[in-house]
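Here's coords-v2.txt, which has compact mmCIF, C-alpha atoms and all ligand atoms:
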# COMPACT_ATOMS: atom_id res chain seq x y z
CA MET H 1 152.66 165.87 118.07
CA LEU H 2 149.57 164.79 120.01
CA LYS H 3 150.14 164.43 123.74
CA LYS H 4 149.26 160.93 124.98
CA THR H 5 146.40 160.96 127.48
CA ILE H 6 147.45 159.86 130.94
CA ILE H 7 145.35 157.15 132.57
CA LYS H 8 145.01 158.01 136.26
CA VAL H 9 144.90 155.34 138.97
CA ALA H 10 144.04 155.48 142.68
CA ILE H 11 144.87 152.60 145.00
CA ILE H 12 142.96 151.64 148.16
CA GLY H 13 144.96 149.48 150.58
CA CYS H 14 148.75 149.78 150.27
CA GLY H 15 149.91 146.32 151.39
CA ASP H 16 151.58 143.42 149.59
CA ILE H 17 149.45 143.04 146.47
CA ALA H 18 149.22 146.84 146.12
CA GLY H 19 153.01 147.22 145.98
CA GLY H 20 154.80 145.32 148.76
CA TYR H 21 155.57 142.22 146.67
CA ASP H 22 157.45 144.34 144.14
CA GLU H 23 159.15 146.42 146.84
CA ARG H 24 160.65 143.18 148.19
CA LYS H 25 161.09 141.19 144.98
CA GLU H 26 164.22 139.35 144.06
CA GLY H 27 164.79 138.87 140.34
CA GLU H 28 162.46 139.35 137.41
CA GLY H 29 158.72 139.82 137.41
CA ILE H 30 155.87 142.17 138.27
CA PHE H 31 153.72 141.13 141.20
CA SER H 32 151.65 144.10 142.34
CA HIS H 33 149.14 146.69 141.18
CA ALA H 34 151.62 149.55 141.57
CA GLY H 35 154.42 147.58 139.90
CA ALA H 36 152.18 146.73 136.96
CA PHE H 37 150.65 150.18 136.50
CA GLN H 38 154.00 151.94 136.81
CA SER H 39 155.31 149.69 134.00
CA ILE H 40 152.67 150.89 131.55
CA PRO H 41 153.93 154.10 129.91
CA ASN H 42 150.76 156.21 129.90
CA VAL H 43 149.49 155.16 133.34
CA SER H 44 150.11 157.14 136.50
CA ILE H 45 149.20 156.38 140.13
CA VAL H 46 147.94 159.75 141.35
CA ALA H 47 146.58 158.86 144.79
CA ALA H 48 146.66 156.13 147.42
CA SER H 49 144.81 155.40 150.61
CA ASP H 50 145.45 153.20 153.65
CA VAL H 51 144.14 153.26 157.20
CA ASP H 52 147.70 152.52 158.37
CA GLU H 53 149.49 155.85 158.11
CA SER H 54 153.02 154.54 158.28
CA ARG H 55 152.36 151.97 155.51
CA LEU H 56 150.65 154.69 153.45
CA LYS H 57 153.69 156.94 153.77
CA SER H 58 156.24 154.31 152.82
CA PHE H 59 154.10 153.16 149.87
CA CYS H 60 153.68 156.69 148.51
CA ARG H 61 157.39 157.39 148.98
CA TYR H 62 158.45 154.21 147.18
CA TRP H 63 155.99 154.54 144.26
CA LYS H 64 156.18 158.36 144.12
CA VAL H 65 152.44 158.81 144.60
CA PRO H 66 151.68 162.52 145.10
CA ASN H 67 148.39 162.34 147.06
CA SER H 68 147.87 160.20 150.15
CA TYR H 69 144.75 159.67 152.27
CA THR H 70 143.70 157.65 155.29
CA ASP H 71 140.08 157.95 154.11
CA TYR H 72 139.43 156.46 150.68
CA LYS H 73 136.12 158.30 150.26
CA LEU H 74 137.90 161.63 150.64
CA MET H 75 140.52 160.44 148.13
CA ILE H 76 137.82 159.64 145.58
CA LYS H 77 136.05 162.97 146.21
CA GLU H 78 139.24 164.98 145.72
CA ASN H 79 140.72 163.13 142.72
CA THR H 80 139.38 162.35 139.28
CA VAL H 81 140.71 158.97 138.23
CA ASP H 82 140.07 156.41 135.48
CA ILE H 83 140.84 153.30 137.53
CA ILE H 84 140.52 152.48 141.23
CA SER H 85 142.38 149.45 142.57
CA VAL H 86 140.90 147.77 145.64
CA CYS H 87 143.73 146.01 147.50
CA THR H 88 142.36 145.83 151.05
CA PRO H 89 141.63 142.63 153.03
CA ASP H 90 138.85 140.30 151.82
CA SER H 91 136.26 141.33 154.43
CA THR H 92 136.39 144.99 153.32
CA HIS H 93 135.84 144.47 149.58
CA TYR H 94 132.05 144.45 149.62
CA SER H 95 131.55 147.73 151.47
CA ILE H 96 134.36 149.47 149.57
CA LEU H 97 133.00 148.30 146.20
CA MET H 98 129.49 149.47 147.10
CA ASP H 99 130.86 152.87 148.22
CA LEU H 100 132.88 153.29 145.01
CA LEU H 101 129.93 152.31 142.83
CA GLU H 102 127.61 154.69 144.71
CA MET H 103 130.12 157.52 144.34
CA GLY H 104 130.28 156.68 140.60
CA LYS H 105 133.47 158.62 139.95
CA THR H 106 135.44 156.11 137.89
CA LYS H 107 135.05 153.98 134.75
CA VAL H 108 136.82 150.87 135.98
CA ILE H 109 137.35 149.23 139.36
CA PHE H 110 140.18 146.70 139.53
CA THR H 111 139.46 144.61 142.59
CA GLU H 112 141.32 141.94 144.46
CA LYS H 113 139.86 138.53 145.00
CA PRO H 114 137.56 137.38 146.48
CA PHE H 115 135.59 140.40 145.27
CA VAL H 116 132.90 139.55 147.86
CA GLU H 117 132.53 136.86 150.52
CA LYS H 118 128.81 136.09 150.10
CA VAL H 119 126.60 135.43 147.08
CA ASN H 120 124.03 138.11 148.00
CA GLU H 121 126.85 140.67 148.27
CA GLY H 122 128.05 139.73 144.78
CA ILE H 123 124.55 140.10 143.36
CA ASN H 124 124.23 143.58 144.93
CA VAL H 125 127.63 144.67 143.58
CA LEU H 126 126.88 143.45 140.05
CA GLU H 127 123.42 145.07 140.02
CA LEU H 128 124.80 148.42 141.14
CA ALA H 129 127.73 148.22 138.69
CA LYS H 130 125.28 147.64 135.83
CA ARG H 131 123.12 150.53 136.98
CA LYS H 132 126.10 152.88 137.31
CA LYS H 133 127.76 151.49 134.13
CA ILE H 134 131.06 150.90 135.91
CA SER H 135 133.26 147.96 134.87
CA ILE H 136 134.69 145.68 137.54
CA VAL H 137 137.75 143.63 136.74
CA LEU H 138 138.45 140.91 139.28
CA ASN H 139 142.12 140.12 139.60
CA ASN H 140 142.00 136.55 138.38
CA GLN H 141 145.41 137.09 136.85
CA ARG H 142 145.82 133.43 135.83
CA HIS H 143 143.15 133.99 133.16
CA PHE H 144 145.57 136.40 131.48
CA GLU H 145 148.54 134.05 131.40
CA GLU H 146 149.07 132.30 128.04
CA CYS H 147 150.08 128.86 129.37
CA HIS H 148 146.99 128.76 131.57
CA LYS H 149 144.82 129.64 128.57
CA GLU H 150 146.53 126.90 126.53
CA LEU H 151 146.29 124.36 129.34
CA GLY H 152 142.49 124.57 129.37
CA LYS H 153 142.44 123.95 125.61
CA ARG H 154 144.87 121.05 125.91
CA VAL H 155 142.75 119.37 128.58
CA ALA H 156 139.58 119.97 126.53
CA ASN H 157 141.29 118.54 123.42
CA GLY H 158 142.01 115.32 125.28
CA GLU H 159 145.78 115.63 125.61
CA ILE H 160 145.66 113.42 128.72
CA GLY H 161 142.53 111.56 127.66
CA LYS H 162 139.37 111.91 129.70
CA VAL H 163 139.91 113.59 133.08
CA GLN H 164 139.14 111.15 135.92
CA SER H 165 140.29 112.87 139.07
CA VAL H 166 142.06 115.98 140.30
CA CYS H 167 143.89 116.39 143.59
CA ILE H 168 144.58 119.91 144.85
CA TYR H 169 146.68 121.00 147.83
CA TYR H 170 146.06 124.42 149.31
CA VAL H 171 146.34 126.59 152.43
CA LYS H 172 144.78 129.72 153.96
CA GLY H 173 141.05 129.42 153.71
CA ILE H 174 138.34 128.08 151.42
CA THR H 175 137.32 131.67 150.60
CA HIS H 176 140.66 133.52 150.67
CA ILE H 177 142.68 131.05 148.56
CA GLY H 178 139.88 128.61 147.68
CA CYS H 179 138.25 131.19 145.40
CA THR H 180 141.41 131.30 143.22
CA ILE H 181 141.74 127.55 143.19
CA ILE H 182 138.11 126.90 142.29
CA SER H 183 138.28 129.56 139.58
CA ASN H 184 141.42 127.97 138.14
CA LEU H 185 139.98 124.46 138.32
CA ARG H 186 136.92 125.61 136.39
CA TYR H 187 139.14 127.50 133.91
CA ILE H 188 141.41 124.55 133.20
CA VAL H 189 139.25 121.46 133.76
CA GLY H 190 135.58 122.44 133.71
CA ASP H 191 132.38 123.38 135.50
CA ILE H 192 131.42 122.14 138.95
CA GLU H 193 128.00 120.64 139.60
CA LYS H 194 127.98 119.42 143.22
CA VAL H 195 130.16 119.70 146.29
CA GLN H 196 130.67 117.75 149.48
CA ALA H 197 132.72 118.85 152.45
CA LEU H 198 134.79 116.16 154.13
CA PRO H 199 134.48 115.71 157.90
CA PRO H 200 136.45 118.38 159.76
CA ARG H 201 140.09 117.45 160.10
CA ASP H 202 141.43 120.87 160.96
CA LEU H 203 140.49 124.49 160.69
CA GLY H 204 143.59 125.74 158.95
CA SER H 205 145.56 128.89 159.55
CA TYR H 206 143.49 131.75 158.16
CA PRO H 207 141.40 133.59 160.79
CA GLY H 208 137.65 133.22 160.23
CA ASP H 209 138.14 131.27 157.00
CA PRO H 210 138.65 127.52 157.48
CA THR H 211 140.74 125.52 155.01
CA ILE H 212 137.98 122.98 154.35
CA ASP H 213 138.78 119.62 152.78
CA CYS H 214 136.12 118.86 150.17
CA VAL H 215 135.17 117.00 147.04
CA LEU H 216 134.00 118.92 143.98
CA TYR H 217 131.99 116.96 141.40
CA LEU H 218 132.55 118.26 137.89
CA LYS H 219 129.93 118.22 135.13
CA ASP H 220 132.14 115.93 133.00
CA GLY H 221 131.83 113.20 135.65
CA SER H 222 135.30 113.68 137.15
CA LYS H 223 136.01 114.58 140.77
CA ALA H 224 138.40 117.05 142.36
CA ILE H 225 139.50 116.77 145.95
CA LEU H 226 140.77 119.84 147.81
CA LEU H 227 143.07 119.10 150.73
CA GLY H 228 144.17 121.73 153.23
CA CYS H 229 147.84 121.73 154.20
CA ASP H 230 147.90 124.20 157.09
CA LYS H 231 146.56 121.99 159.85
CA TYR H 232 149.43 122.90 162.19
CA GLY H 233 149.67 126.54 161.04
CA TYR H 234 150.95 128.38 158.00
CA ASN H 235 154.61 127.67 157.24
CA TYR H 236 154.61 127.93 153.43
CA SER H 237 152.27 128.43 150.51
CA ILE H 238 151.31 125.45 148.45
CA TYR H 239 149.00 125.39 145.49
CA GLU H 240 149.33 122.27 143.40
CA MET H 241 146.89 120.54 141.12
CA ASP H 242 147.36 116.99 139.88
CA ILE H 243 145.06 116.19 136.96
CA ILE H 244 144.79 112.49 136.18
CA GLY H 245 143.41 111.51 132.79
CA THR H 246 142.81 108.16 131.12
CA HIS H 247 145.99 108.63 129.01
CA GLY H 248 148.20 110.96 130.97
CA ARG H 249 148.61 113.34 133.82
CA ILE H 250 149.23 117.06 134.25
CA ARG H 251 150.94 118.33 137.36
CA TYR H 252 150.39 122.02 138.00
CA GLU H 253 153.06 123.04 140.49
CA GLU H 254 154.87 125.90 142.25
CA ASN H 255 151.75 128.09 142.48
CA GLY H 256 151.33 127.84 138.71
CA ASP H 257 154.93 128.61 137.71
CA MET H 258 155.49 125.07 136.40
CA ILE H 259 153.40 122.61 134.42
CA ARG H 260 154.58 119.03 133.91
CA ILE H 261 153.00 116.57 131.50
CA PHE H 262 153.11 112.81 132.03
CA LYS H 263 152.35 110.23 129.34
CA ILE H 264 151.81 106.48 129.36
CA LYS H 265 155.15 104.69 128.99
CA GLN H 266 156.20 101.09 129.23
CA TYR H 267 157.63 100.16 132.61
CA ASP H 268 161.47 100.18 132.73
CA HIS H 269 161.83 96.73 134.25
CA TYR H 270 159.66 94.42 132.15
CA SER H 271 157.25 94.53 129.22
CA GLY H 272 153.45 94.41 129.31
CA TYR H 273 153.18 96.88 132.23
CA TYR H 274 152.60 100.61 131.85
CA GLU H 275 153.01 103.69 134.02
CA LEU H 276 152.87 107.49 133.74
CA LYS H 277 156.23 109.15 133.16
CA GLU H 278 157.02 112.82 132.73
CA ASP H 279 157.81 113.95 129.20
CA VAL H 280 160.48 116.47 130.21
CA ASP H 281 160.50 118.05 126.75
CA MET H 282 156.91 119.11 127.36
CA ARG H 283 157.66 120.78 130.70
CA VAL H 284 156.34 124.36 130.70
CA GLU H 285 157.60 127.26 132.77
CA THR H 286 154.64 129.63 132.73
CA ASP H 287 154.72 133.41 132.53
CA MET H 288 153.05 133.83 135.95
CA GLN H 289 155.62 136.43 137.01
CA PHE H 290 154.13 138.78 134.39
CA SER H 291 150.45 137.84 134.65
CA MET H 292 149.84 140.89 136.86
CA LEU H 293 151.17 143.12 134.08
CA HIS H 294 148.96 141.42 131.47
CA ILE H 295 145.79 142.02 133.48
CA ALA H 296 146.81 145.60 134.39
CA LYS H 297 147.26 146.36 130.65
CA TYR H 298 143.79 144.95 130.05
CA VAL H 299 142.38 147.19 132.82
CA ALA H 300 144.20 150.26 131.44
CA ASP H 301 142.91 149.57 127.93
CA LEU H 302 139.37 149.03 129.21
CA SER H 303 139.46 152.43 130.93
CA THR H 304 140.04 154.15 127.56
CA LYS H 305 136.94 152.61 125.97
CA ASN H 306 133.68 154.44 126.15
CA ASP H 307 130.46 152.43 126.15
CA VAL H 308 132.10 149.16 127.22
CA LEU H 309 130.81 147.67 130.44
CA ASP H 310 132.87 144.63 131.42
CA LEU H 311 131.70 142.63 134.42
CA SER H 312 132.67 139.24 133.01
CA LEU H 313 135.42 138.41 135.51
CA ALA H 314 133.31 139.53 138.46
CA GLU H 315 130.35 137.50 137.17
CA ASP H 316 132.65 134.52 136.85
CA GLY H 317 133.99 135.19 140.37
CA LEU H 318 130.44 135.04 141.68
CA VAL H 319 130.24 131.42 140.46
CA ASP H 320 133.25 130.63 142.70
CA ILE H 321 131.51 132.25 145.67
CA LYS H 322 128.36 130.18 144.96
CA ILE H 323 130.49 127.03 145.06
CA ILE H 324 132.14 128.12 148.32
CA GLU H 325 128.75 128.88 149.84
CA ALA H 326 127.58 125.38 148.83
CA ILE H 327 130.67 123.90 150.56
CA TYR H 328 129.66 125.76 153.74
CA GLU H 329 126.10 124.41 153.38
CA SER H 330 127.54 120.90 153.13
CA VAL H 331 129.54 121.51 156.35
CA LYS H 332 126.39 122.72 158.11
CA ASN H 333 124.36 119.73 156.91
CA ASN H 334 126.54 116.83 158.06
CA ASN H 335 128.76 116.86 154.99
CA CYS H 336 125.91 116.09 152.61
CA LEU H 337 126.22 116.33 148.85
CA PHE H 338 125.17 119.82 147.80
CA ASN H 339 124.06 121.00 144.35
CA ILE H 340 125.34 124.32 143.07
CA ALA H 341 122.42 126.72 142.62
CA ASN H 342 122.18 128.17 139.12
N1 LIG H 401 145.33 138.12 143.13
C1 LIG H 401 146.32 137.63 143.85
O1 LIG H 401 147.14 136.84 143.39
C2 LIG H 401 146.47 138.09 145.27
C3 LIG H 401 147.66 137.93 145.96
C4 LIG H 401 147.76 138.42 147.25
C5 LIG H 401 146.67 139.04 147.85
N2 LIG H 401 145.50 139.15 147.16
C6 LIG H 401 144.32 139.80 147.77
O2 LIG H 401 144.62 141.17 147.99
C7 LIG H 401 143.98 141.65 149.16
C8 LIG H 401 145.04 142.31 150.06
O3 LIG H 401 145.99 141.34 150.39
P1 LIG H 401 147.47 141.77 150.89
O4 LIG H 401 148.21 140.50 151.02
O5 LIG H 401 148.01 142.85 150.05
O6 LIG H 401 147.09 142.31 152.33
P2 LIG H 401 147.95 143.33 153.25
O7 LIG H 401 147.49 143.09 154.63
O8 LIG H 401 149.39 143.23 152.92
O9 LIG H 401 147.43 144.77 152.75
C9 LIG H 401 146.14 145.25 152.98
C10 LIG H 401 146.24 146.74 153.28
O10 LIG H 401 144.93 147.30 153.31
C11 LIG H 401 144.90 148.26 154.36
N3 LIG H 401 143.48 148.50 154.72
C12 LIG H 401 142.67 147.71 155.47
N4 LIG H 401 141.43 148.26 155.54
C13 LIG H 401 141.47 149.41 154.79
C14 LIG H 401 140.52 150.41 154.46
N5 LIG H 401 139.27 150.34 154.90
N6 LIG H 401 140.91 151.47 153.70
C15 LIG H 401 142.19 151.54 153.24
N7 LIG H 401 143.13 150.63 153.54
C16 LIG H 401 142.78 149.56 154.28
C17 LIG H 401 145.74 147.66 155.46
O11 LIG H 401 146.18 148.63 156.38
C18 LIG H 401 146.88 147.05 154.64
O12 LIG H 401 147.97 147.96 154.46
C19 LIG H 401 143.30 140.45 149.79
O13 LIG H 401 141.94 140.47 149.49
C20 LIG H 401 143.95 139.24 149.13
O14 LIG H 401 143.07 138.14 148.97
C21 LIG H 401 145.40 138.71 145.90
Once more with this new file: its structure as C-alpha cells, please.
Ligand SMILES: NC(=O)c1ccc[n+]([C@@H]2O[C@H](COP(=O)([O-])OP(=O)(O)OC[C@H]3O[C@@H](n4cnc5c(N)ncnc54)[C@H](O)[C@@H]3O)[C@@H](O)[C@H]2O)c1
Amino acid sequence: MLKKTIIKVAIIGCGDIAGGYDERKEGEGIFSHAGAFQSIPNVSIVAASDVDESRLKSFCRYWKVPNSYTDYKLMIKENTVDIISVCTPDSTHYSILMDLLEMGKTKVIFTEKPFVEKVNEGINVLELAKRKKISIVLNNQRHFEECHKELGKRVANGEIGKVQSVCIYYVKGITHIGCTIISNLRYIVGDIEKVQALPPRDLGSYPGDPTIDCVLYLKDGSKAILLGCDKYGYNYSIYEMDIIGTHGRIRYEENGDMIRIFKIKQYDHYSGYYELKEDVDMRVETDMQFSMLHIAKYVADLSTKNDVLDLSLAEDGLVDIKIIEAIYESVKNNNCLFNIAN
C-alpha cells in the first residue's frame, strides 16, 4: 500500500487563533489553526515559534509539536514545511510575510487577517509572492462557510428585494475587526464605492486602531453604516449586520452564527398596515464553528498542487485595506466623502 504523504505545517505566533481558542473551547467546533490542521488526517504540525517562551512551551506541549523556536527565521531555516501559518499580532504580519517570501521555503502561507495594515505593504507582499510563486491564503474563514456563500446569492437574487441600507455594530478597531466586517459586507451585499467617516464620537478599545463610525456607499446605491460599540472599553464582542431591503430584512447575528430572515406581513392589530416579521422557519444556524476547518482543508489541498499560485484571498483582502485607508483619509479631511481608488 502507498504511504500517504504528510503535509508539514509550521506555526508562527502561538496565541488564541493559533491554538488557544481550541485549548479553552466548550462544546463542539474547531476554532484555531492547530485545531483545524490536527483534524486533517495527513497534516502534521512539525514546528512552532513564539517570542513568549512560556506560551511557546505550553502550546507545543498541548498540540504535541516536536520543534519549538523563539526565532521564526531559525525555525524556517531548520525545517522543511509545506505550509506556514502566521498567527502573530496585526502589526507584525507585513514584516513576517516579507521575510517568509524572501526565504522562499514554503509553497503556501496561511496568514491571519488583516494580512497587512497599509495598501503599499499589501502591494509589496503580492508582488513578492508572485515573483517567488508562493500562494498566500488570507484567513477570511467566512468565505468558506456554506450559509455565508448562500446568503450572498440570496441577497443578489432579491430575496429581500433591493437592498436599501445596512447597519453594522462592531468593536476593536477599523483595521483589526473592520477588515473582516468590510470583507463580509462586500461578500454578502456588494462592492463599496465611497466612504465617509462620521465625526469622532470615541476612539474605541483597541490600542492604535480606532473603532471609527463611518458610512460606506455601495455601488448598488445602498448605504452601510458602521457603528463602534466599545466607547467605554471592551466588555464583549459584537458583530451584527442588519440588511434592510425593499421587501424584507436579514439580521446577521451572534458573530455570524445566526441568520434571521424577516418578510413583509400584515400588522397584527388592523388591516392595511404592514411590517417586517421574522419567518422563524427560515432561521439559519450557520456552520461557523467549522469554518476554520473548511479553510484549513483548502490550504492543505492547495499545498499538494504544483503550479497553482493562489493569491485571490489576499488580493481581495487588499481591497478591504484600500477601503480602510480611504476611511482614514476621510477622518483626516474633515469627514469628507472619499472615493475608493481602483
Ligand atoms: N480570522 C479570525 O477569525 C481571527 C480571530 C482571532 C484573531 N485573528 C487574528 O490573529 C492574529 C493573532 O491574534 P490572537 O488573538 O491569536 O493574538 P494573541 O495575542 O493571542 O497571540 C499572538 C501571539 O503571537 C506572539 N508573537 C508576537 N510577535 C511575534 C513574533 N515576532 N514571532 C513569533 N511570535 C510572536 C505573541 O507572543 C502571542 O503569543 C491577529 O492578527 C488577529 O487579527 C483572526
Within 9 Å of Gly122 of chain H using only C-alpha atoms, minus same-chain residues under 6 positions, as a PyMOL selection string: chain H and resi 94+115-116+314-315+317-318+321
Nearest residue to Gln141 of chain H from the set H:Val108, H:Ile45, H:Ile192, H:Ile30 (distances using all atoms listed in the file): H:Ile30
Counting all atoms listed in the file, name the residues that have an atom within 7 Å of an atom of ligand LIG 401 (chain H); the answer should be given as a short mmCIF file (atom, residue, chain, number, x, y, z; two decimals) with C-alpha atoms, in the frame of the given file.
data_model
loop_
_atom_site.label_atom_id
_atom_site.label_comp_id
_atom_site.auth_asym_id
_atom_site.auth_seq_id
_atom_site.Cartn_x
_atom_site.Cartn_y
_atom_site.Cartn_z
CA ILE H 12 142.96 151.64 148.16
CA GLY H 13 144.96 149.48 150.58
CA CYS H 14 148.75 149.78 150.27
CA GLY H 15 149.91 146.32 151.39
CA ASP H 16 151.58 143.42 149.59
CA ILE H 17 149.45 143.04 146.47
CA ALA H 18 149.22 146.84 146.12
CA SER H 49 144.81 155.40 150.61
CA ASP H 50 145.45 153.20 153.65
CA VAL H 51 144.14 153.26 157.20
CA ASP H 52 147.70 152.52 158.37
CA ARG H 55 152.36 151.97 155.51
CA THR H 70 143.70 157.65 155.29
CA ASP H 71 140.08 157.95 154.11
CA TYR H 72 139.43 156.46 150.68
CA CYS H 87 143.73 146.01 147.50
CA THR H 88 142.36 145.83 151.05
CA PRO H 89 141.63 142.63 153.03
CA ASP H 90 138.85 140.30 151.82
CA THR H 92 136.39 144.99 153.32
CA GLU H 112 141.32 141.94 144.46
CA LYS H 113 139.86 138.53 145.00
CA PRO H 114 137.56 137.38 146.48
CA ASN H 139 142.12 140.12 139.60
CA ASN H 140 142.00 136.55 138.38
CA GLN H 141 145.41 137.09 136.85
CA HIS H 176 140.66 133.52 150.67
#
Protein, DNA and RNA residues within 8 Å of (155.1, 155.8, 141.9), all atoms listed in the file, as a PyMOL selection string: chain H and resi 34+38+44-45+60-65
Contact residues around Leu226 of chain H with only C-alpha atoms at 12 Å, ignoring same-chain residues under 6 positions, as a ChimeraX atom specification: /H:165-171,173-174,177-179,181-182,185,195-198,211-217,238-242,324,327
Residue neighbourhood Leu128 of chain H, 10 Å, all atoms listed in the file, exclusion window fewer than 3 positions, as a ChimeraX atom specification: /H:97-98,101-102,104,122-125,131-134
Sel. within 9 Å of pt (147.1, 139.0, 132.8), counting all atoms listed in the file, output as a PyMOL selection string: chain H and resi 139-146+288+290-298
Pairwise distance for atom CA of Asp287 of chain H and atom CA of Arg186 of chain H, rounded to one decimal in Å: 19.8 Å
Which of H:Gly29, H:Pro199, H:Pro207, H:Gly190 sits closest to Asp257 of chain H [using only C-alpha atoms]: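 Among the listed residues, the smallest separation from Asp257 of chain H belongs to H:Gly29.
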One-decimal distance in Å that lies between atom CA of Arg249 of chain H and atom CA of Tyr236 of chain H: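 Calculated distance between atom CA of Tyr236 of chain H and atom CA of Arg249 of chain H is 25.2 Å.
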Atomic distance atom CA of Lys162 of chain H - atom CA of Gly245 of chain H, expressed in Å with one decimal: 5.1 Å
Given all atoms listed in the file as the counted atoms, nearest of H:Tyr273, H:Ala47, H:Glu159, H:Ser95 to Glu121 of chain H: H:Ser95
